[in-house]
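**Q** One file is attached below, target.cif, containing mmCIF, C-alpha atoms.
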```
data_data
#
loop_
_atom_site.label_atom_id
_atom_site.label_comp_id
_atom_site.auth_asym_id
_atom_site.auth_seq_id
_atom_site.Cartn_x
_atom_site.Cartn_y
_atom_site.Cartn_z
CA MET A 1 36.26 -15.99 -8.57
CA THR A 2 33.94 -19.02 -8.19
CA ASN A 3 31.08 -17.14 -6.52
CA ASN A 4 30.34 -13.48 -7.19
CA TYR A 5 28.13 -12.96 -4.16
CA PRO A 6 29.77 -11.08 -1.26
CA GLU A 7 27.97 -13.27 1.29
CA SER A 8 30.24 -16.17 0.33
CA TRP A 9 33.51 -14.22 0.48
CA THR A 10 36.22 -15.45 2.82
CA ASN A 11 38.39 -13.19 4.92
CA SER A 12 41.04 -13.27 2.17
CA ASP A 13 38.47 -12.14 -0.40
CA VAL A 14 37.48 -9.27 1.88
CA CYS A 15 41.12 -8.20 2.18
CA LEU A 16 41.48 -8.27 -1.62
CA TRP A 17 38.37 -6.12 -1.85
CA LEU A 18 39.88 -3.67 0.66
CA LYS A 19 42.97 -3.32 -1.55
CA ASP A 20 40.82 -2.82 -4.63
CA THR A 21 38.79 -0.05 -2.98
CA GLY A 22 41.81 1.72 -1.48
CA PHE A 23 41.56 0.67 2.17
CA CYS A 24 44.53 -1.69 2.36
CA GLN A 25 45.75 0.04 5.56
CA TYR A 26 42.90 -1.64 7.45
CA GLU A 27 43.63 -5.21 6.34
CA GLU A 28 45.15 -6.20 9.69
CA SER A 29 42.07 -5.08 11.63
CA PHE A 30 39.79 -7.05 9.31
CA LYS A 31 42.03 -10.12 9.64
CA LYS A 32 42.18 -9.77 13.42
CA HIS A 33 38.38 -9.77 13.70
CA ALA A 34 37.91 -12.48 11.01
CA ILE A 35 35.62 -10.33 8.88
CA ASP A 36 34.23 -12.47 6.07
CA GLY A 37 31.61 -11.55 3.47
CA GLU A 38 28.55 -11.93 5.68
CA ALA A 39 30.14 -10.00 8.54
CA LEU A 40 31.27 -7.28 6.11
CA LEU A 41 27.73 -6.65 4.91
CA MET A 42 26.50 -6.20 8.49
CA LEU A 43 29.15 -3.72 9.64
CA THR A 44 27.86 -0.46 11.13
CA GLU A 45 29.53 2.86 11.75
CA LYS A 46 29.88 1.96 15.42
CA ASP A 47 31.62 -1.33 14.50
CA LEU A 48 34.11 0.47 12.25
CA LYS A 49 34.97 3.07 14.88
CA GLU A 50 34.96 1.07 18.11
CA ASP A 51 35.87 -2.50 17.15
CA LEU A 52 37.92 -2.10 13.97
CA GLU A 53 39.47 1.14 15.34
CA ILE A 54 39.09 3.26 12.20
CA TYR A 55 39.35 6.79 13.53
CA VAL A 56 39.48 8.80 10.28
CA LEU A 57 35.90 9.99 9.73
CA GLY A 58 36.33 10.28 5.97
CA ASP A 59 37.53 6.68 5.71
CA VAL A 60 34.60 5.50 7.86
CA LYS A 61 32.07 7.21 5.59
CA ARG A 62 33.73 6.06 2.36
CA LEU A 63 34.01 2.48 3.63
CA LEU A 64 30.33 2.46 4.61
CA ALA A 65 29.46 3.76 1.14
CA ALA A 66 31.52 0.98 -0.44
CA ILE A 67 29.76 -1.63 1.71
CA THR A 68 26.41 -0.17 0.66
CA ARG A 69 27.40 -0.62 -2.99
CA LEU A 70 28.21 -4.26 -2.22
CA ASN A 71 24.63 -4.69 -1.06
CA ARG A 72 23.47 -3.32 -4.43
CA PRO A 73 25.38 -5.16 -7.15
CA GLY A 74 23.80 -3.13 -9.95
CA LEU A 75 25.55 0.03 -8.79
CA PRO A 76 29.05 1.14 -9.90
CA GLY A 77 31.87 0.01 -7.69
CA PHE A 78 30.73 -3.56 -7.03
CA SER A 79 33.78 -5.54 -8.04
CA ASP A 80 35.13 -9.04 -7.98
CA PRO A 81 38.22 -9.02 -5.68
CA HIS A 82 39.97 -11.68 -7.83
CA ASN A 83 39.33 -10.26 -11.29
CA ASN A 84 39.33 -6.59 -10.25
CA VAL A 85 36.46 -6.05 -12.70
CA PRO A 86 33.05 -4.65 -11.82
CA LEU A 87 30.70 -7.60 -11.63
CA ALA A 88 27.90 -5.68 -13.28
CA ALA A 89 30.04 -5.49 -16.43
CA SER A 90 31.99 -8.73 -16.19
CA SER A 91 30.24 -10.24 -19.21
CA PRO A 92 28.06 -9.01 -22.06
CA SER A 93 25.20 -11.17 -20.94
CA SER A 94 25.31 -9.84 -17.42
CA HIS A 95 25.56 -6.31 -18.80
CA ASN A 96 22.47 -6.83 -20.91
CA ASN A 97 20.64 -8.33 -17.99
CA HIS A 98 21.35 -5.27 -15.92
CA GLN A 99 20.22 -3.02 -18.71
CA HIS A 100 16.88 -4.70 -19.17
CA LYS A 101 16.22 -5.84 -15.58
CA PRO A 102 16.30 -3.10 -12.97
CA PHE A 103 17.78 -4.05 -9.63
CA THR A 104 15.40 -5.38 -7.03
CA LEU A 105 15.90 -7.20 -3.75
CA ASN A 106 14.86 -10.40 -5.53
CA THR A 107 17.88 -9.98 -7.83
CA LEU A 108 20.22 -10.01 -4.86
CA SER A 109 18.46 -12.75 -2.95
CA ALA A 110 18.44 -15.11 -5.96
CA GLY A 111 22.06 -16.19 -5.37
CA VAL A 112 21.99 -16.24 -1.61
CA SER A 113 21.75 -19.59 0.13
CA ARG A 114 18.16 -20.29 1.04
CA SER A 115 17.35 -20.38 4.73
CA ARG A 116 14.22 -20.95 6.70
CA SER A 117 12.10 -17.83 6.29
CA ARG A 118 10.97 -15.93 9.34
CA ASN A 119 7.92 -13.75 9.88
CA TYR A 120 8.95 -10.49 11.49
CA SER A 121 5.67 -9.01 12.56
CA SER A 122 4.86 -6.59 15.37
CA ASP A 123 3.31 -3.24 15.98
CA SER A 124 6.73 -1.73 15.38
CA GLN A 125 8.19 -1.00 11.97
CA ALA A 126 9.25 -4.61 11.43
CA SER A 127 5.68 -5.64 10.73
CA ASP A 128 5.54 -3.72 7.46
CA LEU A 129 8.66 -5.27 5.93
CA PRO A 130 8.07 -7.03 2.60
CA ASP A 131 8.75 -10.74 2.26
CA GLN A 132 11.46 -10.23 -0.35
CA SER A 133 13.66 -8.36 2.13
CA ARG A 134 14.61 -11.56 3.93
CA ILE A 135 18.12 -12.33 2.71
CA GLY A 136 19.46 -15.18 4.81
CA ASN A 137 19.84 -15.95 8.48
CA LEU A 138 22.50 -13.40 9.38
CA ARG A 139 21.37 -10.54 7.16
CA ARG A 140 18.27 -9.13 8.75
CA ALA A 141 15.58 -7.27 6.86
CA SER A 142 15.92 -3.51 6.76
CA GLY A 143 15.44 -1.96 10.17
CA VAL A 144 15.49 -5.24 12.10
CA ALA A 145 18.25 -5.64 14.68
CA THR A 146 21.32 -7.66 13.74
CA GLN A 147 22.63 -7.86 17.31
CA LEU A 148 20.19 -9.56 19.69
CA ARG A 149 22.29 -10.86 22.54
CA PRO A 150 20.25 -11.63 25.70
CA GLU A 151 22.68 -9.80 28.04
CA TYR A 152 21.32 -11.34 31.23
CA PHE A 153 23.41 -9.09 33.47
CA ARG A 154 21.73 -5.95 32.10
CA THR A 155 18.35 -7.63 32.52
CA ALA A 156 19.20 -8.39 36.15
CA ILE A 157 20.16 -4.74 36.67
CA SER A 158 16.80 -3.61 35.25
CA PHE A 159 14.99 -6.06 37.56
CA LEU A 160 16.85 -4.71 40.60
CA TYR A 161 15.98 -1.18 39.44
CA VAL A 162 12.23 -1.84 39.31
CA LEU A 163 12.44 -3.73 42.62
CA LEU A 164 14.06 -0.71 44.28
CA VAL A 165 11.52 1.68 42.76
CA THR A 166 8.58 -0.41 44.02
CA TRP A 167 10.02 -0.15 47.52
CA ILE A 168 10.39 3.62 47.17
CA THR A 169 6.82 3.82 45.86
CA ALA A 170 5.47 1.86 48.82
CA PHE A 171 7.27 4.11 51.29
CA VAL A 172 6.06 7.28 49.55
CA MET A 173 2.49 5.92 49.62
CA VAL A 174 2.76 5.57 53.42
CA PHE A 175 4.05 9.12 53.64
CA VAL A 176 1.29 10.66 51.50
CA HIS A 177 -1.37 8.68 53.39
CA ASP A 178 -0.33 10.53 56.54
CA ARG A 179 -0.69 13.86 54.69
CA VAL A 180 -4.12 13.26 53.14
CA PRO A 181 -6.36 16.36 53.63
CA ASP A 182 -9.28 16.10 56.06
CA LYS A 183 -12.58 15.38 54.24
CA GLU A 184 -14.52 17.82 56.41
CA ARG A 185 -12.25 20.76 55.60
CA HIS A 186 -11.37 19.69 52.06
CA PRO A 187 -14.32 18.04 50.28
CA PRO A 188 -13.87 16.24 46.92
CA LEU A 189 -12.93 18.51 44.03
CA PRO A 190 -15.40 19.09 41.16
CA ASP A 191 -14.97 16.45 38.45
CA ILE A 192 -17.08 16.24 35.29
CA PHE A 193 -17.02 12.41 35.23
CA LEU A 194 -17.37 11.65 38.93
CA ASP A 195 -20.16 14.21 39.33
CA ASN A 196 -22.25 12.50 36.63
CA VAL A 197 -21.50 8.79 37.15
CA PRO A 198 -22.85 7.04 40.26
CA HIS A 199 -20.46 5.21 42.56
CA ILE A 200 -20.13 1.46 41.83
CA SER A 201 -18.67 -0.25 44.88
CA TRP A 202 -17.41 -3.42 43.15
CA ALA A 203 -15.84 -1.67 40.13
CA PHE A 204 -12.37 -1.25 41.62
CA GLN A 205 -12.02 -4.98 42.32
CA LEU A 206 -13.02 -5.66 38.71
CA CYS A 207 -10.29 -3.24 37.55
CA GLU A 208 -7.70 -5.21 39.49
CA ILE A 209 -8.96 -8.46 37.95
CA THR A 210 -8.33 -6.94 34.51
CA ILE A 211 -4.80 -6.03 35.63
CA ILE A 212 -4.16 -9.63 36.73
CA THR A 213 -5.58 -10.92 33.43
CA LEU A 214 -3.36 -8.65 31.30
CA ALA A 215 -0.33 -9.47 33.47
CA SER A 216 -0.95 -13.22 32.96
CA VAL A 217 -1.17 -12.74 29.19
CA TRP A 218 2.02 -10.66 29.14
CA PHE A 219 4.06 -13.10 31.23
CA GLY A 220 2.87 -15.93 28.99
CA ILE A 221 4.09 -14.02 25.91
CA LEU A 222 7.34 -13.21 27.68
CA PHE A 223 7.90 -16.88 28.54
CA PHE A 224 7.73 -18.01 24.90
CA HIS A 225 9.29 -14.95 23.22
CA LYS A 226 12.69 -15.79 21.74
CA HIS A 227 14.11 -12.44 22.85
CA ARG A 228 12.47 -12.56 26.27
CA SER A 229 15.51 -11.11 28.02
CA ILE A 230 15.36 -7.90 25.95
CA ALA A 231 11.56 -7.58 26.35
CA CYS A 232 11.81 -8.20 30.11
CA ARG A 233 14.60 -5.63 30.41
CA ARG A 234 12.51 -3.01 28.63
CA PHE A 235 9.43 -3.82 30.73
CA CYS A 236 11.38 -3.43 33.98
CA ALA A 237 13.07 -0.21 32.83
CA LEU A 238 9.81 1.44 31.75
CA SER A 239 7.85 0.22 34.78
CA GLY A 240 10.48 1.56 37.14
CA SER A 241 10.66 4.93 35.38
CA VAL A 242 6.86 5.39 35.34
CA LEU A 243 6.54 4.46 39.02
CA LEU A 244 9.42 6.76 39.98
CA LEU A 245 7.72 9.64 38.18
CA ARG A 246 4.50 8.79 40.01
CA CYS A 247 6.36 8.96 43.34
CA ALA A 248 7.43 12.52 42.55
CA THR A 249 3.94 13.71 41.53
CA MET A 250 2.05 12.30 44.52
CA PHE A 251 4.78 13.42 46.95
CA ILE A 252 4.74 17.03 45.73
CA THR A 253 0.97 17.67 45.84
CA SER A 254 -1.68 16.07 48.07
CA LEU A 255 -5.20 16.15 46.64
CA SER A 256 -8.39 15.74 48.64
CA VAL A 257 -10.10 12.36 48.44
CA PRO A 258 -12.21 11.96 45.25
CA GLY A 259 -15.23 10.40 47.01
CA SER A 260 -16.99 10.78 50.33
CA HIS A 261 -17.31 6.98 50.59
CA LEU A 262 -13.54 6.64 51.07
CA GLU A 263 -12.49 6.22 54.70
CA CYS A 264 -9.31 8.26 54.60
CA ALA A 265 -7.80 10.22 57.46
CA PRO A 266 -4.25 11.13 58.50
CA ARG A 267 -2.72 8.59 60.85
CA GLY A 268 -1.00 9.55 64.04
CA HIS A 269 2.73 10.13 64.31
CA SER A 270 4.75 6.90 63.99
CA ASP A 271 8.42 5.99 64.00
CA ILE A 272 10.41 4.92 60.93
CA TRP A 273 10.09 1.19 61.69
CA THR A 274 6.31 1.42 61.77
CA LYS A 275 6.36 3.20 58.44
CA MET A 276 8.69 0.55 57.00
CA SER A 277 6.32 -2.17 58.21
CA GLN A 278 3.36 -0.42 56.55
CA ALA A 279 5.39 0.03 53.35
CA TYR A 280 6.22 -3.70 53.35
CA LEU A 281 2.52 -4.58 53.52
CA ILE A 282 1.85 -2.35 50.49
CA TRP A 283 4.85 -3.78 48.59
CA ARG A 284 3.93 -7.38 49.39
CA GLY A 285 0.37 -6.86 48.18
CA GLY A 286 1.48 -5.09 45.00
CA GLY A 287 -0.72 -2.11 45.88
CA LEU A 288 -3.86 -4.18 45.13
CA SER A 289 -6.98 -3.93 47.28
CA LEU A 290 -7.65 -7.60 46.46
CA MET A 291 -4.52 -8.33 48.51
CA GLY A 292 -5.78 -6.28 51.46
CA VAL A 293 -3.94 -3.05 50.61
CA ARG A 294 -5.81 0.17 51.38
CA THR A 295 -4.08 3.49 50.70
CA CYS A 296 -5.14 7.12 50.43
CA GLY A 297 -3.58 10.27 49.06
CA ASP A 298 -1.79 8.67 46.08
CA TYR A 299 -4.01 10.37 43.51
CA MET A 300 -1.63 12.11 41.12
CA PHE A 301 -1.36 10.02 38.97
CA SER A 302 -3.21 6.66 38.88
CA GLY A 303 -0.91 3.68 39.35
CA HIS A 304 -3.62 1.23 38.25
CA THR A 305 -4.05 3.12 34.95
CA ALA A 306 -0.29 3.20 34.38
CA THR A 307 -0.04 -0.56 34.96
CA LEU A 308 -3.00 -1.34 32.66
CA THR A 309 -1.59 0.86 29.89
CA LEU A 310 1.94 -0.50 30.15
CA LEU A 311 0.76 -4.12 30.01
CA ASN A 312 -1.51 -3.36 27.03
CA PHE A 313 1.27 -1.66 25.05
CA PHE A 314 3.78 -4.44 25.72
CA ILE A 315 1.29 -7.14 24.71
CA THR A 316 0.50 -5.41 21.40
CA GLU A 317 4.16 -4.58 20.68
CA TYR A 318 5.62 -8.04 21.24
CA THR A 319 2.98 -10.08 19.41
CA PRO A 320 2.45 -10.21 15.62
CA ARG A 321 -0.13 -7.92 14.05
CA ARG A 322 -1.99 -10.87 12.62
CA VAL A 323 -3.04 -11.79 16.20
CA TYR A 324 -5.42 -8.85 16.11
CA TYR A 325 -8.03 -10.59 18.30
CA LEU A 326 -5.51 -10.52 21.16
CA HIS A 327 -4.77 -6.86 20.49
CA ILE A 328 -8.47 -5.96 20.51
CA PHE A 329 -8.93 -7.97 23.71
CA SER A 330 -5.97 -6.14 25.32
CA TRP A 331 -7.24 -2.69 24.35
CA VAL A 332 -10.79 -3.49 25.56
CA LEU A 333 -9.45 -4.58 28.95
CA ASN A 334 -7.30 -1.45 29.13
CA MET A 335 -10.27 0.86 28.45
CA PHE A 336 -12.69 -1.04 30.70
CA GLY A 337 -10.11 -1.06 33.49
CA ILE A 338 -9.83 2.73 33.28
CA PHE A 339 -13.64 3.02 33.31
CA PHE A 340 -13.85 0.81 36.41
CA ILE A 341 -11.34 3.04 38.23
CA LEU A 342 -13.50 6.10 37.57
CA ALA A 343 -16.76 4.25 38.29
CA ALA A 344 -15.37 3.26 41.69
CA HIS A 345 -14.55 6.95 42.37
CA GLU A 346 -11.04 5.93 43.42
CA HIS A 347 -9.29 8.57 41.28
CA TYR A 348 -10.07 11.89 39.67
CA SER A 349 -10.47 11.93 35.91
CA ILE A 350 -7.30 14.01 35.55
CA ASP A 351 -5.33 11.30 37.43
CA VAL A 352 -6.39 8.70 34.88
CA PHE A 353 -5.82 10.94 31.86
CA ILE A 354 -2.32 11.96 32.94
CA ALA A 355 -1.40 8.35 33.81
CA PHE A 356 -2.48 7.08 30.38
CA TYR A 357 -0.75 9.93 28.54
CA ILE A 358 2.56 9.76 30.41
CA THR A 359 2.78 5.95 30.29
CA SER A 360 1.93 5.68 26.60
CA ARG A 361 4.31 8.53 25.63
CA MET A 362 7.19 7.03 27.60
CA PHE A 363 6.60 3.65 25.96
CA LEU A 364 6.49 5.17 22.46
CA TYR A 365 9.51 7.44 23.00
CA TYR A 366 11.58 4.55 24.38
CA HIS A 367 10.75 2.19 21.53
CA SER A 368 11.13 4.89 18.87
CA LEU A 369 14.67 5.51 20.05
CA ALA A 370 15.40 1.80 20.40
CA ASN A 371 14.05 0.94 16.93
CA ASN A 372 15.87 3.77 15.14
CA ARG A 373 19.61 3.50 15.64
CA ALA A 374 20.20 6.72 13.67
CA LEU A 375 18.30 8.73 16.30
CA GLN A 376 20.67 7.43 18.97
CA GLN A 377 23.84 8.12 17.00
CA ARG A 378 22.80 11.57 15.82
CA ASP A 379 22.88 13.02 19.33
CA SER A 380 24.32 10.28 21.50
CA PHE A 381 25.71 12.65 24.16
CA ARG A 382 22.31 14.23 24.83
CA THR A 383 20.69 10.78 24.87
CA LYS A 384 23.15 9.61 27.53
CA ILE A 385 22.47 12.70 29.65
CA TRP A 386 18.67 12.59 29.49
CA PHE A 387 18.19 8.83 29.19
CA PRO A 388 21.14 7.24 31.03
CA MET A 389 19.39 3.90 31.67
CA PHE A 390 18.18 3.71 28.09
CA SER A 391 21.73 4.25 26.82
CA TYR A 392 22.94 1.43 29.07
CA PHE A 393 20.16 -1.09 28.46
CA GLU A 394 19.98 -0.55 24.68
CA ALA A 395 23.72 -0.10 24.01
CA HIS A 396 24.07 -3.21 21.83
CA ILE A 397 20.65 -3.33 20.14
CA ASP A 398 20.76 -1.75 16.69
CA GLY A 399 17.20 -2.04 15.43
CA ILE A 400 13.74 -3.54 15.82
CA VAL A 401 13.39 -6.70 17.91
CA PRO A 402 11.53 -9.25 15.74
CA ASN A 403 8.66 -11.23 17.21
CA GLU A 404 10.09 -14.74 17.18
CA TYR A 405 9.13 -17.46 19.62
CA SER A 406 10.79 -20.53 21.09
CA ASN A 407 10.27 -23.07 23.84
CA PRO A 408 12.61 -22.18 26.73
CA LEU A 409 12.10 -25.64 28.27
CA ALA A 410 13.75 -27.47 25.34
CA ALA A 411 16.53 -29.68 26.64
CA GLY A 412 19.21 -28.21 24.40
CA LYS A 413 18.43 -24.68 25.51
CA LEU A 414 18.45 -25.62 29.18
CA ILE A 415 21.90 -27.20 28.76
CA LYS A 416 23.13 -24.11 26.90
CA LEU A 417 21.75 -21.84 29.64
CA ALA A 418 23.40 -23.94 32.34
CA LYS A 419 26.73 -23.74 30.50
CA SER A 420 26.40 -19.97 30.15
CA LEU A 421 25.66 -19.58 33.86
CA PHE A 422 28.61 -21.83 34.73
CA VAL A 423 30.99 -19.81 32.54
CA PHE A 424 29.67 -16.55 34.03
CA VAL A 425 30.07 -17.73 37.64
CA ARG A 426 33.49 -19.26 36.94
CA SER A 427 34.82 -16.10 35.27
CA ASN A 428 33.63 -13.94 38.19
CA PHE A 429 35.22 -16.34 40.67
CA LEU A 430 38.56 -16.22 38.83
CA ILE A 431 38.48 -12.40 38.66
CA ARG A 432 37.85 -12.14 42.41
CA LYS A 433 40.56 -14.70 43.09
CA GLU A 434 43.08 -12.67 41.07
CA LYS A 435 42.12 -9.49 42.94
CA THR A 436 42.59 -11.13 46.34
CA ASN A 437 46.00 -12.46 45.29
#
```
In structure tokens, how does this file's structure come out?

**A**
Amino acid sequence: MTNNYPESWTNSDVCLWLKDTGFCQYEESFKKHAIDGEALLMLTEKDLKEDLEIYVLGDVKRLLAAITRLNRPGLPGFSDPHNNVPLAASSPSSHNNHQHKPFTLNTLSAGVSRSRSRNYSSDSQASDLPDQSRIGNLRRASGVATQLRPEYFRTAISFLYVLLVTWITAFVMVFVHDRVPDKERHPPLPDIFLDNVPHISWAFQLCEITIITLASVWFGILFFHKHRSIACRRFCALSGSVLLLRCATMFITSLSVPGSHLECAPRGHSDIWTKMSQAYLIWRGGGLSLMGVRTCGDYMFSGHTATLTLLNFFITEYTPRRVYYLHIFSWVLNMFGIFFILAAHEHYSIDVFIAFYITSRMFLYYHSLANNRALQQRDSFRTKIWFPMFSYFEAHIDGIVPNEYSNPLAAGKLIKLAKSLFVFVRSNFLIRKEKTN
């Protein structure tokens, strides 16, 4: 064989390797899917079961073990498909080299074609990967996703989901405003922070300015992030889920107003169209007082705190760790925004605490599952039951999303996007035409 590195194997070489390792019955599947050396090294258990249709569990496990040995040429079982001889022992010199030089990732990467190196750095696990674990364009470093398709349709679904939830939130806010307890009969509840910090009238507007600032930073990052479709999909999914949970909490229990300065009183009975009109005004203004929105009764839990926290976590997750000044800036705005909410006496302290805890936990749980494929596969049925949207949105992402950036306005990318949209629209048109016929 002219090249002993599996990355350079052709489909025929892979089939010879299958015969050598005792899996000749699967040659046709590997030929059908054009599995060459690079594709072979990236196969997962899901690929073997679903795409290559290998249903015998023992064969799946043994084949994965054989592929693992291919990734580590110093281990027994790494063989040349032409010579049928283990490569580690194919010559005395190579044997001596393996005796005196223990296997490292540098050993493997020495014979791989050099490609432009990438810096995978984020607050997720990808940031701690060593430089020597980059082994070519297609073979990602350990833990980093190998499948990063944009999947615009799923992103559109997540956008429609958050759009629907914001409408539901606006309508629930109208409903709870009409149920707000009377201040004369139900005075503000005791609160250790509000009772000891004087009311600052302009603080709430300053909180909303911090929200707008963080949102501008996040959308700028999203615009230039290479995997913007995935990041946007996750942002919409988490935002919708947090807001939906907030709808449930403020609908179930109505707390008294946290400050006597708030002009809150139940409104008179109104028909459904009046309520819809009021909900539209809240939705159009994004729930911000700077946009003329004034609501009462939506105290459990704080929507402003949830928004601040979500923006902060997404900014720090989808930017490299080396940009620590941005991370510090984001965290400072997050904390000051929370302080301004309390200083304005717009929410109880427990509202802010619960909002921060729930939002941060949901973000961390979501990304922990998304970044660790093994956690999804170990109990996939339970994951689909408890996290149905997660299972749908993250179905084809098998690891950490690296922080890579690109200019979406480049001419080549715009042409490619236009072609993709044309193919998508044309395929849908043909499908509908076939159904009507």

**Q** Please write as a list in words the full residue list that the PyMOL selection byres ((chain A and resi 187) around 12) yields on this file.

**A**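 On this input, the PyMOL selection byres ((chain A and resi 187) around 12) captures Val180, Pro181, Asp182, Lys183, Glu184, Arg185, His186, Pro188, Leu189, Pro190, Asp191, Leu255, Ser256, Val257, Pro258, Gly259, Ser260, His261, Leu262 and Cys264 of chain A.
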
**Q** Please evaluate the PyMOL selection byres ((chain A and resi 33) around 12) against the structure above and give the resulting residues as a ChimeraX atom specification.

**A** /A:11,14-15,26-32,34-36,39-40,43,47-48,51-53

**Q** With C-alpha atoms retained, write the just-selected residues as a compact mmCIF listing (two decimals), in the coordinates of the input.

**A**
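File written: selection_29.txt
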```txt
# COMPACT_ATOMS: atom_id res chain seq x y z
CA ASN A 11 38.39 -13.19 4.92
CA VAL A 14 37.48 -9.27 1.88
CA CYS A 15 41.12 -8.20 2.18
CA TYR A 26 42.90 -1.64 7.45
CA GLU A 27 43.63 -5.21 6.34
CA GLU A 28 45.15 -6.20 9.69
CA SER A 29 42.07 -5.08 11.63
CA PHE A 30 39.79 -7.05 9.31
CA LYS A 31 42.03 -10.12 9.64
CA LYS A 32 42.18 -9.77 13.42
CA ALA A 34 37.91 -12.48 11.01
CA ILE A 35 35.62 -10.33 8.88
CA ASP A 36 34.23 -12.47 6.07
CA ALA A 39 30.14 -10.00 8.54
CA LEU A 40 31.27 -7.28 6.11
CA LEU A 43 29.15 -3.72 9.64
CA ASP A 47 31.62 -1.33 14.50
CA LEU A 48 34.11 0.47 12.25
CA ASP A 51 35.87 -2.50 17.15
CA LEU A 52 37.92 -2.10 13.97
CA GLU A 53 39.47 1.14 15.34
```

**Q** Which residues would end up in the selection if the PyMOL selection byres ((chain A and resi 390-398) around 6) were applied here, given that I need the answer as a PyMOL selection string?

**A** chain A and resi 145+147+373+384+387-389+399

**Q** Could you work out how far CA of Arg382 (chain A) lies from CA of Lys46 (chain A), giving the answer in Å with one decimal?

**A**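 CA of Arg382 (chain A) lies at a distance of 17.2 Å from CA of Lys46 (chain A).
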
**Q** For CA of Glu404 (chain A) and CA of Tyr365 (chain A), quote the distance in Å rounded to one decimal.

**A** 22.9 Å

**Q** Using all atoms listed in the file, find each residue in region 287-313 of chain A having at least one atom no more than 9 Å away from region 247-253 of chain A; report its shortest atom-to-atom pair and that distance in Å (one decimal), rows by chain then rising number, as a Markdown table.

**A**
```
| residue | atom | partner | partner_atom | distance |
| --- | --- | --- | --- | --- |
| A:Gly297 | CA | A:Met250 | CA | 7.5 |
| A:Asp298 | CA | A:Met250 | CA | 5.5 |
| A:Tyr299 | CA | A:Met250 | CA | 6.4 |
| A:Met300 | CA | A:Met250 | CA | 5.0 |
| A:Phe301 | CA | A:Met250 | CA | 6.9 |
```

**Q** Figure out the distance between CA of Ala265 (chain A) and CA of Arg179 (chain A), please, to one decimal in Å.

**A**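 Value for the CA of Arg179 (chain A)-CA of Ala265 (chain A) distance: 8.5 Å.
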
**Q** Box along x, y and z, 5 Å on every side, all listed atoms of region 308-313 of chain A inside: centre and edge lengths in Å to one decimal, as AutoDock Vina command-line options.

**A**
```
--center_x -0.5 --center_y -1.6 --center_z 28.9 --size_x 14.9 --size_y 15.0 --size_z 17.6
```

**Q** From the list A:Leu311, A:Val425, A:Leu409, A:Ala65, which residue is nearest Phe224 (chain A) when using only C-alpha atoms?

**A**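 Once distances to Phe224 (chain A) are computed over only C-alpha atoms, the minimum belongs to A:Leu409.
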
**Q** Please work out which residues fall within 10 Å of (-8.2, 2.1, 27.7), coordinates as given in the file, with all atoms listed in the file counting, and return them as a list of chain:residue names.

**A**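 Protein and nucleic acid residues near the point are A:Thr305, A:Leu308, A:Thr309, A:Asn312, A:Ser330, A:Trp331, A:Val332, A:Leu333, A:Asn334, A:Met335, A:Phe336, A:Gly337, A:Ile338, A:Phe339, A:Val352, A:Phe356.
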
**Q** List every residue of region 223-290 of chain A that has an atom at most 12 Å from any atom of region 216-219 of chain A, giving for each one its closest atom pair and the distance in Å to one decimal, counting all atoms listed in the file, sorted by chain and then by ascending residue number, as CSV.

**A**
```
residue,atom,partner,partner_atom,distance
A:Phe223,CA,A:Phe219,CA,6.0
A:Phe224,CA,A:Phe219,CA,8.8
A:His225,CA,A:Phe219,CA,9.7
A:Arg228,CA,A:Phe219,CA,9.8
A:Ala231,CA,A:Trp218,CA,10.4
A:Cys232,CA,A:Phe219,CA,9.2
A:Phe235,CA,A:Trp218,CA,10.2
```

**Q** If we count all atoms listed in the file, what is near Met276 (chain A) at a cut-off of 12 Å, once residues fewer than 6 positions away on the same chain are taken out, given as a list of chain:residue names?

**A**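 Close residues of Met276 (chain A): A:Trp167, A:Ile168, A:Thr169, A:Ala170, A:Phe171, A:Val172, A:Met173, A:Val174, A:Phe175, A:Ser270, A:Ile282, A:Trp283, A:Arg284.
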
**Q** Restricting the output to C-alpha atoms, write the selected residues as an mmCIF file, keeping the file's coordinate frame.

**A**
```cif
data_model
loop_
_atom_site.group_PDB
_atom_site.id
_atom_site.type_symbol
_atom_site.label_atom_id
_atom_site.label_comp_id
_atom_site.auth_asym_id
_atom_site.auth_seq_id
_atom_site.Cartn_x
_atom_site.Cartn_y
_atom_site.Cartn_z
ATOM 1 C CA TRP A 167 10.020 -0.150 47.520
ATOM 2 C CA ILE A 168 10.390 3.620 47.170
ATOM 3 C CA THR A 169 6.820 3.820 45.860
ATOM 4 C CA ALA A 170 5.470 1.860 48.820
ATOM 5 C CA PHE A 171 7.270 4.110 51.290
ATOM 6 C CA VAL A 172 6.060 7.280 49.550
ATOM 7 C CA MET A 173 2.490 5.920 49.620
ATOM 8 C CA VAL A 174 2.760 5.570 53.420
ATOM 9 C CA PHE A 175 4.050 9.120 53.640
ATOM 10 C CA SER A 270 4.750 6.900 63.990
ATOM 11 C CA ILE A 282 1.850 -2.350 50.490
ATOM 12 C CA TRP A 283 4.850 -3.780 48.590
ATOM 13 C CA ARG A 284 3.930 -7.380 49.390
#
```

**Q** For Ile358 (chain A), which residue out of A:His199, A:Lys226, A:Glu208, A:Gly303 is the nearest one, using all atoms listed in the file?

**A**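 Answer, going by the shortest atom-to-atom distance: A:Gly303.
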
**Q** Taking only C-alpha atoms into account, name the residue in A:Phe424, A:Phe313, A:Trp9, A:Phe159 that is nearest to Arg361 (chain A).

**A** A:Phe313

**Q** Considering all atoms listed in the file, can you say which of A:Leu64, A:Ala370, A:Asn407, A:Ser201 comes closest to Thr21 (chain A)?

**A** A:Leu64
